[in-house]
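Data from work_9.csv: CSV, C-alpha atoms
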chain,number,residue,atom,x,y,z
A,1,MET,CA,0.0,0.0,0.0
A,2,THR,CA,2.8,2.4,0.9
A,3,THR,CA,5.7,2.9,-1.4
A,4,THR,CA,8.1,3.2,1.5
A,5,GLY,CA,7.4,-0.4,2.5
A,6,SER,CA,8.1,-1.8,-0.9
A,7,ASN,CA,11.4,0.0,-0.9
A,8,ALA,CA,12.8,-2.1,1.9
A,9,SER,CA,11.1,-5.5,1.3
A,10,ALA,CA,11.1,-5.8,-2.4
A,11,PRO,CA,13.7,-3.5,-3.9
A,12,SER,CA,13.5,-5.3,-7.3
A,13,LEU,CA,10.0,-3.9,-7.9
A,14,ASP,CA,11.0,-0.3,-7.2
A,15,GLY,CA,12.6,0.3,-10.5
A,16,THR,CA,15.9,1.5,-8.9
A,17,GLY,CA,19.3,0.1,-9.5
A,18,THR,CA,20.1,-2.7,-11.9
A,19,ASP,CA,16.6,-4.3,-12.1
A,20,ARG,CA,15.1,-1.6,-14.2
A,21,ASN,CA,14.9,-3.8,-17.2
A,22,ALA,CA,13.3,-6.6,-15.3
A,23,THR,CA,10.7,-4.3,-13.8
A,24,ALA,CA,9.9,-2.9,-17.2
A,25,SER,CA,9.5,-6.4,-18.7
A,26,LEU,CA,7.4,-7.4,-15.8
A,27,HIS,CA,4.9,-4.6,-16.0
A,28,GLN,CA,4.8,-3.2,-19.5
A,29,PRO,CA,2.9,-6.2,-21.1
A,30,ALA,CA,0.5,-6.7,-18.3
A,31,VAL,CA,-1.6,-3.6,-19.0
A,32,PRO,CA,-1.5,-2.6,-22.7
A,33,ALA,CA,-0.9,1.1,-23.2
A,34,HIS,CA,-4.0,1.8,-25.1
A,35,ARG,CA,-6.2,0.2,-22.5
A,36,ARG,CA,-4.5,2.1,-19.7
A,37,SER,CA,-5.1,5.4,-21.5
A,38,VAL,CA,-8.8,4.8,-22.3
A,39,MET,CA,-10.3,3.3,-19.1
A,40,PRO,CA,-9.8,6.3,-16.7
A,41,TRP,CA,-11.6,8.6,-19.1
A,42,VAL,CA,-14.5,6.2,-19.3
A,43,TRP,CA,-14.8,6.4,-15.5
A,44,LEU,CA,-14.5,10.2,-15.6
A,45,CYS,CA,-17.3,10.4,-18.2
A,46,ALA,CA,-19.4,8.1,-15.9
A,47,MET,CA,-18.8,10.5,-13.0
A,48,ILE,CA,-19.8,13.5,-15.1
A,49,LEU,CA,-22.8,11.6,-16.4
A,50,THR,CA,-23.9,10.9,-12.8
A,51,LEU,CA,-23.8,14.6,-12.0
A,52,LEU,CA,-25.7,15.5,-15.2
A,53,CYS,CA,-28.3,12.8,-14.3
A,54,GLY,CA,-28.8,14.4,-10.9
A,55,MET,CA,-29.2,17.8,-12.5
A,56,ALA,CA,-31.6,16.5,-15.1
A,57,ILE,CA,-33.8,14.8,-12.4
A,58,LYS,CA,-33.8,18.1,-10.6
A,59,VAL,CA,-34.9,20.1,-13.7
A,60,LEU,CA,-37.4,17.6,-15.1
A,61,PHE,CA,-39.1,16.0,-12.1
A,62,VAL,CA,-38.9,18.5,-9.3
A,63,ASP,CA,-41.5,21.3,-9.2
A,64,SER,CA,-39.5,24.3,-8.3
A,65,GLY,CA,-42.5,26.3,-7.2
A,66,GLU,CA,-43.0,30.0,-7.6
A,67,GLY,CA,-40.3,32.4,-6.2
A,68,ILE,CA,-38.3,31.1,-3.4
A,69,SER,CA,-39.6,28.3,-1.3
A,70,ILE,CA,-38.1,26.2,1.5
A,71,SER,CA,-39.4,22.7,1.2
A,72,GLY,CA,-38.4,19.2,1.9
A,73,ALA,CA,-37.5,16.5,-0.5
A,74,THR,CA,-39.9,15.8,-3.3
A,75,ILE,CA,-41.6,12.5,-3.2
A,76,PHE,CA,-41.3,10.8,-6.6
A,77,TRP,CA,-43.3,7.6,-5.9
A,78,ASP,CA,-45.2,6.1,-3.0
A,79,SER,CA,-46.9,2.8,-2.5
A,80,GLY,CA,-50.2,4.4,-1.8
A,81,LEU,CA,-50.7,2.4,1.4
A,82,SER,CA,-50.7,5.4,3.6
A,83,GLY,CA,-52.7,3.7,6.3
A,84,ASN,CA,-50.0,1.2,7.2
A,85,SER,CA,-46.8,3.0,8.3
A,86,PHE,CA,-44.6,-0.1,7.5
A,87,LEU,CA,-45.9,-0.6,4.0
A,88,ASN,CA,-46.0,3.1,3.2
A,89,LEU,CA,-42.8,3.0,1.1
A,90,THR,CA,-41.7,6.1,-0.7
A,91,VAL,CA,-39.0,7.1,-3.1
A,92,THR,CA,-37.9,10.6,-2.4
A,93,GLU,CA,-35.5,13.0,-4.0
A,94,SER,CA,-33.0,12.5,-1.3
A,95,GLN,CA,-32.9,8.7,-1.7
A,96,VAL,CA,-32.4,9.1,-5.5
A,97,ASN,CA,-29.6,11.7,-4.9
A,98,SER,CA,-28.0,9.4,-2.3
A,99,VAL,CA,-27.8,6.6,-4.8
A,100,LEU,CA,-26.4,9.0,-7.4
A,101,VAL,CA,-23.7,10.1,-4.9
A,102,ILE,CA,-22.8,6.5,-4.2
A,103,LEU,CA,-22.4,5.9,-7.9
A,104,PHE,CA,-20.3,9.0,-8.2
A,105,ILE,CA,-18.0,7.8,-5.4
A,106,PHE,CA,-17.7,4.4,-7.0
A,107,PHE,CA,-16.8,5.9,-10.4
A,108,LEU,CA,-14.3,8.3,-8.7
A,109,CYS,CA,-12.6,5.3,-7.0
A,110,ARG,CA,-12.4,3.5,-10.3
A,111,PHE,CA,-11.1,6.6,-12.0
A,112,LEU,CA,-8.4,7.1,-9.4
A,113,THR,CA,-7.3,3.4,-9.4
A,114,ALA,CA,-7.6,2.5,-13.1
A,115,GLY,CA,-4.4,1.2,-14.5
A,116,MET,CA,-2.4,1.1,-11.3
A,117,SER,CA,1.2,-0.1,-11.3
A,118,VAL,CA,3.7,-1.1,-8.6
A,119,ARG,CA,5.8,1.8,-9.6
A,120,PRO,CA,3.6,4.9,-9.0
A,121,GLY,CA,3.1,6.3,-12.5
A,122,GLY,CA,0.5,9.0,-12.7
A,123,ALA,CA,-1.0,11.7,-10.6
A,124,ARG,CA,-4.2,9.6,-10.1
A,125,GLN,CA,-2.5,6.8,-8.4
A,126,ILE,CA,-0.5,9.1,-6.2
A,127,VAL,CA,-3.8,10.8,-5.1
A,128,ALA,CA,-5.4,7.4,-4.4
A,129,GLU,CA,-2.4,6.3,-2.4
A,130,TRP,CA,-2.4,9.5,-0.4
A,131,LEU,CA,-6.1,9.1,0.4
A,132,VAL,CA,-5.7,5.5,1.5
A,133,GLU,CA,-2.7,6.5,3.6
A,134,LYS,CA,-4.5,9.4,5.2
A,135,ALA,CA,-7.6,7.3,6.0
A,136,SER,CA,-5.6,4.5,7.6
A,137,GLY,CA,-3.5,6.9,9.5
A,138,LEU,CA,-6.6,8.7,10.9
A,139,VAL,CA,-8.1,5.4,12.0
A,140,GLU,CA,-4.9,4.1,13.5
A,141,SER,CA,-4.2,7.3,15.4
A,142,ASN,CA,-7.7,7.6,16.8
A,143,MET,CA,-8.7,3.9,17.4
A,144,GLY,CA,-5.4,2.1,17.7
A,145,PRO,CA,-3.7,-0.4,15.4
A,146,ALA,CA,-6.1,-3.1,16.4
A,147,TYR,CA,-8.9,-1.4,14.4
A,148,TYR,CA,-7.0,-1.1,11.2
A,149,ARG,CA,-9.8,-3.0,9.4
A,150,PHE,CA,-12.2,-0.1,10.1
A,151,ALA,CA,-10.4,2.2,7.7
A,152,PRO,CA,-12.4,1.4,4.6
A,153,PHE,CA,-15.7,1.8,6.5
A,154,ILE,CA,-14.7,5.1,8.0
A,155,ALA,CA,-13.3,6.4,4.7
A,156,GLY,CA,-16.5,5.3,2.9
A,157,MET,CA,-18.7,7.0,5.5
A,158,MET,CA,-16.7,10.2,5.3
A,159,ALA,CA,-16.7,10.2,1.5
A,160,LEU,CA,-20.4,9.6,1.4
A,161,SER,CA,-21.2,12.3,3.9
A,162,LEU,CA,-18.8,14.8,2.2
A,163,PHE,CA,-20.0,14.2,-1.3
A,164,SER,CA,-23.7,14.2,-0.2
A,165,SER,CA,-23.3,17.6,1.3
A,166,LEU,CA,-21.2,18.9,-1.6
A,167,SER,CA,-23.9,17.7,-4.1
A,168,SER,CA,-25.8,20.9,-3.4
A,169,LEU,CA,-23.0,22.7,-5.3
A,170,VAL,CA,-24.4,21.4,-8.6
A,171,GLY,CA,-27.9,22.2,-7.7
A,172,MET,CA,-29.0,18.8,-6.4
A,173,TYR,CA,-31.0,18.5,-3.2
A,174,ALA,CA,-28.4,17.6,-0.6
A,175,PRO,CA,-29.3,14.1,0.9
A,176,THR,CA,-27.7,15.2,4.2
A,177,SER,CA,-30.4,17.8,4.7
A,178,ASP,CA,-32.9,15.0,5.0
A,179,ILE,CA,-33.2,13.5,8.5
A,180,ASN,CA,-34.0,10.1,7.2
A,181,ILE,CA,-30.7,9.6,5.3
A,182,VAL,CA,-28.5,10.8,8.1
A,183,GLY,CA,-30.6,8.8,10.6
A,184,GLY,CA,-29.8,5.7,8.6
A,185,TRP,CA,-26.1,6.3,8.8
A,186,ALA,CA,-26.4,7.0,12.6
A,187,VAL,CA,-28.2,3.7,13.1
A,188,VAL,CA,-25.3,1.9,11.3
A,189,SER,CA,-22.8,3.6,13.6
A,190,PHE,CA,-25.0,2.8,16.6
A,191,VAL,CA,-25.0,-0.9,15.7
A,192,LEU,CA,-21.2,-0.8,15.5
A,193,ILE,CA,-21.0,1.0,18.9
A,194,ILE,CA,-23.3,-1.5,20.6
A,195,ARG,CA,-21.4,-4.4,19.1
A,196,SER,CA,-18.1,-3.1,20.4
A,197,LYS,CA,-19.6,-2.6,23.8
A,198,MET,CA,-21.0,-6.1,23.8
A,199,ARG,CA,-17.6,-7.6,23.1
A,200,ALA,CA,-17.1,-8.0,26.8
A,201,GLY,CA,-20.3,-10.0,27.0
A,202,VAL,CA,-24.0,-9.2,26.6
A,203,GLY,CA,-24.5,-9.6,30.4
A,204,ASN,CA,-21.9,-7.0,31.2
A,205,TYR,CA,-23.4,-4.6,28.6
A,206,LEU,CA,-26.8,-4.9,30.2
A,207,LYS,CA,-25.4,-4.7,33.7
A,208,GLY,CA,-23.7,-1.4,32.7
A,209,PHE,CA,-27.1,0.3,32.6
A,210,THR,CA,-27.6,-0.2,36.3
A,211,GLN,CA,-24.0,0.8,37.0
A,212,PRO,CA,-23.7,3.4,39.8
A,213,ILE,CA,-27.1,2.6,41.3
A,214,TRP,CA,-30.2,0.8,39.9
A,215,VAL,CA,-32.4,3.9,40.1
A,216,LEU,CA,-30.4,5.5,37.3
A,217,THR,CA,-31.3,2.8,34.7
A,218,PRO,CA,-33.9,4.9,32.8
A,219,PHE,CA,-31.4,7.8,32.5
A,220,ASN,CA,-28.7,5.4,31.3
A,221,VAL,CA,-31.0,4.0,28.6
A,222,ILE,CA,-31.9,7.5,27.5
A,223,GLY,CA,-28.2,8.4,27.4
A,224,GLU,CA,-27.5,5.4,25.2
A,225,VAL,CA,-30.3,6.2,22.8
A,226,ALA,CA,-29.3,9.8,22.7
A,227,THR,CA,-26.0,8.9,20.9
A,228,PRO,CA,-27.5,8.2,17.5
A,229,VAL,CA,-30.1,11.0,17.9
A,230,SER,CA,-27.5,13.6,18.6
A,231,MET,CA,-25.3,12.4,15.8
A,232,THR,CA,-28.3,12.6,13.4
A,233,PHE,CA,-29.4,16.0,14.6
A,234,ARG,CA,-25.9,17.5,14.5
A,235,HIS,CA,-25.2,16.6,10.9
A,236,TYR,CA,-28.6,17.2,9.5
A,237,GLY,CA,-29.2,20.4,11.5
A,238,ASN,CA,-26.0,21.9,10.3
A,239,VAL,CA,-26.6,21.2,6.6
A,240,LEU,CA,-30.3,22.1,6.8
A,241,SER,CA,-29.7,25.4,8.7
A,242,GLY,CA,-27.1,26.3,6.1
A,243,ALA,CA,-29.6,25.7,3.3
A,244,VAL,CA,-32.3,27.7,5.1
A,245,ILE,CA,-30.1,30.6,5.8
A,246,SER,CA,-28.7,30.7,2.2
A,247,THR,CA,-32.3,30.7,0.8
A,248,MET,CA,-33.4,33.4,3.2
A,249,LEU,CA,-30.4,35.6,2.3
A,250,TYR,CA,-31.1,35.0,-1.4
A,251,ALA,CA,-34.7,36.1,-1.0
A,252,ALA,CA,-33.6,39.2,1.1
A,253,LEU,CA,-31.1,40.2,-1.6
A,254,GLY,CA,-33.8,39.9,-4.3
A,255,ALA,CA,-36.1,42.2,-2.3
A,256,LEU,CA,-33.2,44.6,-1.5
A,257,SER,CA,-32.2,44.9,-5.2
A,258,GLY,CA,-35.8,45.7,-6.0
A,259,LEU,CA,-35.7,48.5,-3.4
A,260,VAL,CA,-32.3,49.9,-4.6
A,261,PHE,CA,-33.0,49.8,-8.3
A,262,GLY,CA,-36.7,50.1,-8.4
A,263,TRP,CA,-36.7,53.9,-8.7
A,264,ILE,CA,-35.0,53.9,-12.1
A,265,PRO,CA,-37.7,55.4,-14.4
A,266,VAL,CA,-38.2,53.1,-17.4
A,267,ILE,CA,-36.5,49.8,-16.7
A,268,GLY,CA,-36.9,50.0,-12.9
A,269,ASP,CA,-39.7,47.4,-12.6
A,270,ALA,CA,-38.0,44.9,-14.9
A,271,PHE,CA,-34.5,45.4,-13.5
A,272,PRO,CA,-32.9,42.1,-12.8
A,273,PRO,CA,-32.0,41.3,-9.2
A,274,VAL,CA,-28.3,41.9,-9.6
A,275,LEU,CA,-27.5,41.9,-5.9
A,276,GLN,CA,-28.3,38.1,-6.0
A,277,ILE,CA,-25.2,37.6,-8.1
A,278,GLY,CA,-22.1,36.6,-6.2
A,279,ILE,CA,-23.0,37.6,-2.7
A,280,PRO,CA,-24.7,34.3,-1.7
A,281,GLY,CA,-21.6,32.6,-2.9
A,282,ILE,CA,-19.6,34.0,0.0
A,283,LEU,CA,-22.0,32.4,2.4
A,284,SER,CA,-21.9,29.2,0.4
A,285,LEU,CA,-18.1,29.1,1.0
A,286,TYR,CA,-18.8,28.5,4.7
A,287,PHE,CA,-22.0,26.5,4.5
A,288,ASP,CA,-21.3,24.3,1.6
A,289,LEU,CA,-17.6,23.8,1.6
A,290,PHE,CA,-16.3,24.3,5.1
A,291,SER,CA,-19.4,23.0,7.0
A,292,SER,CA,-19.7,20.0,4.7
A,293,GLY,CA,-16.1,18.9,5.3
A,294,LEU,CA,-16.3,19.6,9.0
A,295,GLN,CA,-19.5,17.6,9.5
A,296,ALA,CA,-18.2,14.7,7.5
A,297,PHE,CA,-15.1,14.7,9.6
A,298,ILE,CA,-17.0,15.0,12.8
A,299,PHE,CA,-19.4,12.2,12.0
A,300,ALA,CA,-16.6,9.8,11.1
A,301,MET,CA,-14.6,10.9,14.1
A,302,LEU,CA,-17.4,10.4,16.6
A,303,THR,CA,-18.1,6.9,15.2
A,304,MET,CA,-14.4,6.1,15.6
A,305,LEU,CA,-14.2,7.5,19.2
A,306,TYR,CA,-17.4,5.8,20.3
A,307,VAL,CA,-16.5,2.4,18.9
A,308,ALA,CA,-13.0,2.6,20.3
A,309,SER,CA,-14.1,3.7,23.7
A,310,GLY,CA,-17.0,1.2,23.8
A,311,SER,CA,-14.6,-1.8,23.8
A,312,GLU,CA,-12.3,-0.3,26.4
A,313,SER,CA,-14.9,0.1,29.1
B,1,MET,CA,-61.8,31.8,13.1
B,2,GLU,CA,-59.3,34.2,11.7
B,3,LEU,CA,-58.4,35.1,15.2
B,4,ALA,CA,-57.8,31.5,16.2
B,5,ILE,CA,-55.5,31.0,13.1
B,6,ALA,CA,-53.7,34.2,13.9
B,7,ILE,CA,-53.1,33.1,17.4
B,8,ILE,CA,-51.7,29.8,16.2
B,9,LEU,CA,-49.3,31.5,13.7
B,10,GLY,CA,-48.2,34.1,16.2
B,11,ALA,CA,-47.7,31.6,19.0
B,12,CYS,CA,-45.6,29.4,16.6
B,13,ALA,CA,-43.4,32.3,15.6
B,14,LEU,CA,-43.0,33.3,19.3
B,15,GLY,CA,-42.1,29.8,20.3
B,16,ALA,CA,-39.5,29.5,17.5
B,17,GLY,CA,-37.9,32.8,18.6
B,18,THR,CA,-38.0,31.7,22.2
B,19,ALA,CA,-36.5,28.3,21.4
B,20,MET,CA,-33.5,30.0,19.7
B,21,ILE,CA,-32.5,31.6,23.1
B,22,ALA,CA,-30.7,28.3,23.5
B,23,GLY,CA,-28.2,29.6,20.9
B,24,ILE,CA,-26.6,31.6,23.7
B,25,GLY,CA,-25.3,28.6,25.4
B,26,PRO,CA,-23.3,27.0,22.6
B,27,GLY,CA,-22.0,30.5,21.6
B,28,ILE,CA,-20.5,31.1,25.0
B,29,GLY,CA,-19.2,27.5,25.3
B,30,GLU,CA,-17.6,27.4,21.9
B,31,GLY,CA,-16.1,30.8,22.4
B,32,TYR,CA,-14.5,29.7,25.6
B,33,ALA,CA,-13.2,26.5,24.0
B,34,VAL,CA,-11.7,28.4,21.1
B,35,GLY,CA,-10.1,31.0,23.4
B,36,LYS,CA,-8.5,28.2,25.4
B,37,ALA,CA,-7.3,26.5,22.2
B,38,CYS,CA,-5.7,29.8,21.2
B,39,GLU,CA,-3.9,30.0,24.5
B,40,ALA,CA,-2.7,26.4,24.1
B,41,ILE,CA,-1.4,27.1,20.6
B,42,ALA,CA,0.3,30.3,21.7
B,43,ARG,CA,2.0,28.4,24.5
B,44,GLN,CA,3.0,25.5,22.3
B,45,PRO,CA,2.8,26.4,18.6
B,46,GLU,CA,4.1,23.0,17.5
B,47,SER,CA,0.9,21.3,18.9
B,48,ARG,CA,-1.3,23.3,16.5
B,49,SER,CA,-2.9,20.5,14.5
B,50,PRO,CA,-3.9,18.2,17.4
B,51,VAL,CA,-5.3,21.1,19.4
B,52,THR,CA,-7.3,22.4,16.4
B,53,THR,CA,-8.7,18.9,15.8
B,54,THR,CA,-9.7,18.4,19.4
B,55,MET,CA,-11.2,21.9,19.5
B,56,LEU,CA,-13.3,21.3,16.4
B,57,MET,CA,-14.6,18.0,17.9
B,58,GLY,CA,-15.5,19.7,21.2
B,59,CYS,CA,-17.2,22.6,19.4
B,60,ALA,CA,-19.3,20.1,17.4
B,61,VAL,CA,-20.3,18.3,20.5
B,62,ALA,CA,-21.1,21.6,22.3
B,63,GLU,CA,-23.1,22.7,19.4
B,64,THR,CA,-25.6,19.9,19.9
B,65,THR,CA,-27.9,21.7,22.3
B,66,GLY,CA,-28.1,24.7,20.0
B,67,LEU,CA,-29.0,22.3,17.1
B,68,TYR,CA,-31.8,20.8,19.2
B,69,ALA,CA,-33.2,24.2,19.6
B,70,LEU,CA,-32.8,24.9,15.9
B,71,ILE,CA,-34.7,21.8,14.9
B,72,ILE,CA,-37.5,22.8,17.4
B,73,ALA,CA,-37.6,26.2,15.8
B,74,ILE,CA,-37.7,24.8,12.2
B,75,LEU,CA,-40.5,22.5,13.2
B,76,LEU,CA,-42.4,25.3,14.8
B,77,ILE,CA,-42.0,27.5,11.7
B,78,PHE,CA,-42.5,25.0,8.8
B,79,VAL,CA,-44.4,22.1,10.2
B,80,ALA,CA,-46.5,23.1,13.3
B,81,PRO,CA,-48.7,25.9,11.9
B,82,GLY,CA,-50.1,23.8,9.0
B,83,LEU,CA,-50.6,20.8,11.3
B,84,MET,CA,-52.4,22.9,13.9
B,85,VAL,CA,-54.5,24.9,11.5
B,86,ASN,CA,-55.6,21.6,9.8
B,87,ARG,CA,-56.6,20.2,13.2
B,88,LEU,CA,-58.5,23.3,14.0
B,89,LEU,CA,-60.4,23.2,10.8
B,90,ASP,CA,-61.2,19.5,11.3
B,91,ALA,CA,-62.5,20.3,14.8
B,92,VAL,CA,-64.7,23.1,13.6
B,93,GLY,CA,-65.9,20.9,10.7
B,94,ARG,CA,-65.0,22.8,7.6

As structure tokens, how would this structure be written, given the file I've shared?
Amino acid sequence: MTTTGSNASAPSLDGTGTDRNATASLHQPAVPAHRRSVMPWVWLCAMILTLLCGMAIKVLFVDSGEGISISGATIFWDSGLSGNSFLNLTVTESQVNSVLVILFIFFLCRFLTAGMSVRPGGARQIVAEWLVEKASGLVESNMGPAYYRFAPFIAGMMALSLFSSLSSLVGMYAPTSDINIVGGWAVVSFVLIIRSKMRAGVGNYLKGFTQPIWVLTPFNVIGEVATPVSMTFRHYGNVLSGAVISTMLYAALGALSGLVFGWIPVIGDAFPPVLQIGIPGILSLYFDLFSSGLQAFIFAMLTMLYVASGSES
Amino acid sequence: MELAIAIILGACALGAGTAMIAGIGPGIGEGYAVGKACEAIARQPESRSPVTTTMLMGCAVAETTGLYALIIAILLIFVAPGLMVNRLLDAVGR
């Protein structure tokens, strides 16, 4: 995985010294040159196609309403059995966008790892190796070396959260501003946390609820259940509040530009709301870029800390 | 009837505004945490990145109560008025 390790253990594969010809003969015929050059661009086109698909769904199927409206995810399909809450299945905009984000991440991974070689050749492979190294380093430094196998899960969760929040940059409805999507992720983390707490035995886990004194059992149960709830609310509340504040600022700027330019005699009424250009972008830097990255990091970080501390106690 | 609906809307707006008083707490708490982190970085500039990471984690956890209030406020503004007005109209029978 790391290039420094291969340097010490297998110097013949590194391409340094006298084995350069052997390395070349070993790796050149394995992947034909034309195939190596085409496949990444196929995956890149698939990535762009995924984004275009999301935008097309937004344009074609979502009723944008009149003016500026703050509304939840559009429901594309439901089973019509609204009486039974278990059979009342729906397909919402956030679910569709979530699947599109998953596809986007899959194509991104294939794009970065297409045509890999033992000797790091292109920029894509270096980026992929850097990402893998960072994710494993983060997991190892926060959970300890015993949890090394958690790295793909943590990296996947972080990437899913990050790209879900960032998908609002291309105009899609961000799946993370829907409580159901983030709640699902929090349930996954909660199952992992309970599993790591039960490693010392189910009896010990249940006895932990009555720990200082048996009177406190209801409060301990509430504290246990509050973990996924607070993880859900933290992530979804941050993203949703950013979207609401951005929309409100957008509406206010439209009204303000109507006030400022409305007095112009002839074209005043039809003057475009020029104040809406650019100024919301400054707010978007914080809410879309910084907050998205921070919330993805915090969600993954809390999962790691809870899982690692669950097995210690 | 209009009076009842107006009372519902006004009470929802008042409740949302009152709920957001909870924003004071995380503001003070996070400000205190960031100030302490600045002190720590000033004392030991080489420990900048772990201090920043820990501070952001703590800020995110301290933010939780404020976000609970925010969700209550959002529910009161966007969800509760429609729900209550519908219930009122059902009770009256229109």

Contacts from chain A to chain B, 12 Å maximum, only C-alpha atoms: show me the residue list as an MDAnalysis selection string. chainID A and resid 69:72 138 141:142 177 179 226:227 229:242 244:245 291 293:303 305

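Rounded to one decimal, CA of Pro152 in chain A and CA of Gly54 in chain A lie 26.0 Å from each other.
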
Identify which of the residues A:Ala135, A:Val215, A:Cys53, A:Met116 lies closest to Ala159 in chain A, counting all atoms listed in the file when measuring atom-to-atom distances. A:Ala135

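Taking CA of Tyr286 in chain A and CA of Ala62 in chain B as the two end points, the separation is 19.0 Å.
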
Within 12 Å of (-26.6, 41.1, -6.6) (file coordinates; all atoms listed in the file), which protein or nucleic acid residues are there? I'd like them as a PyMOL selection string. chain A and resi 249-258+260-261+271-282

Residue neighbourhood range 31-42 of chain B, 8 Å, all atoms listed in the file, exclusion window fewer than 6 positions, as a compact mmCIF listing (two decimals) with C-alpha atoms, in the coordinates of the input:
# COMPACT_ATOMS: atom_id res chain seq x y z
CA ARG B 48 -1.30 23.30 16.50
CA VAL B 51 -5.30 21.10 19.40
CA THR B 52 -7.30 22.40 16.40
CA MET B 55 -11.20 21.90 19.50
CA GLY B 58 -15.50 19.70 21.20
CA CYS B 59 -17.20 22.60 19.40
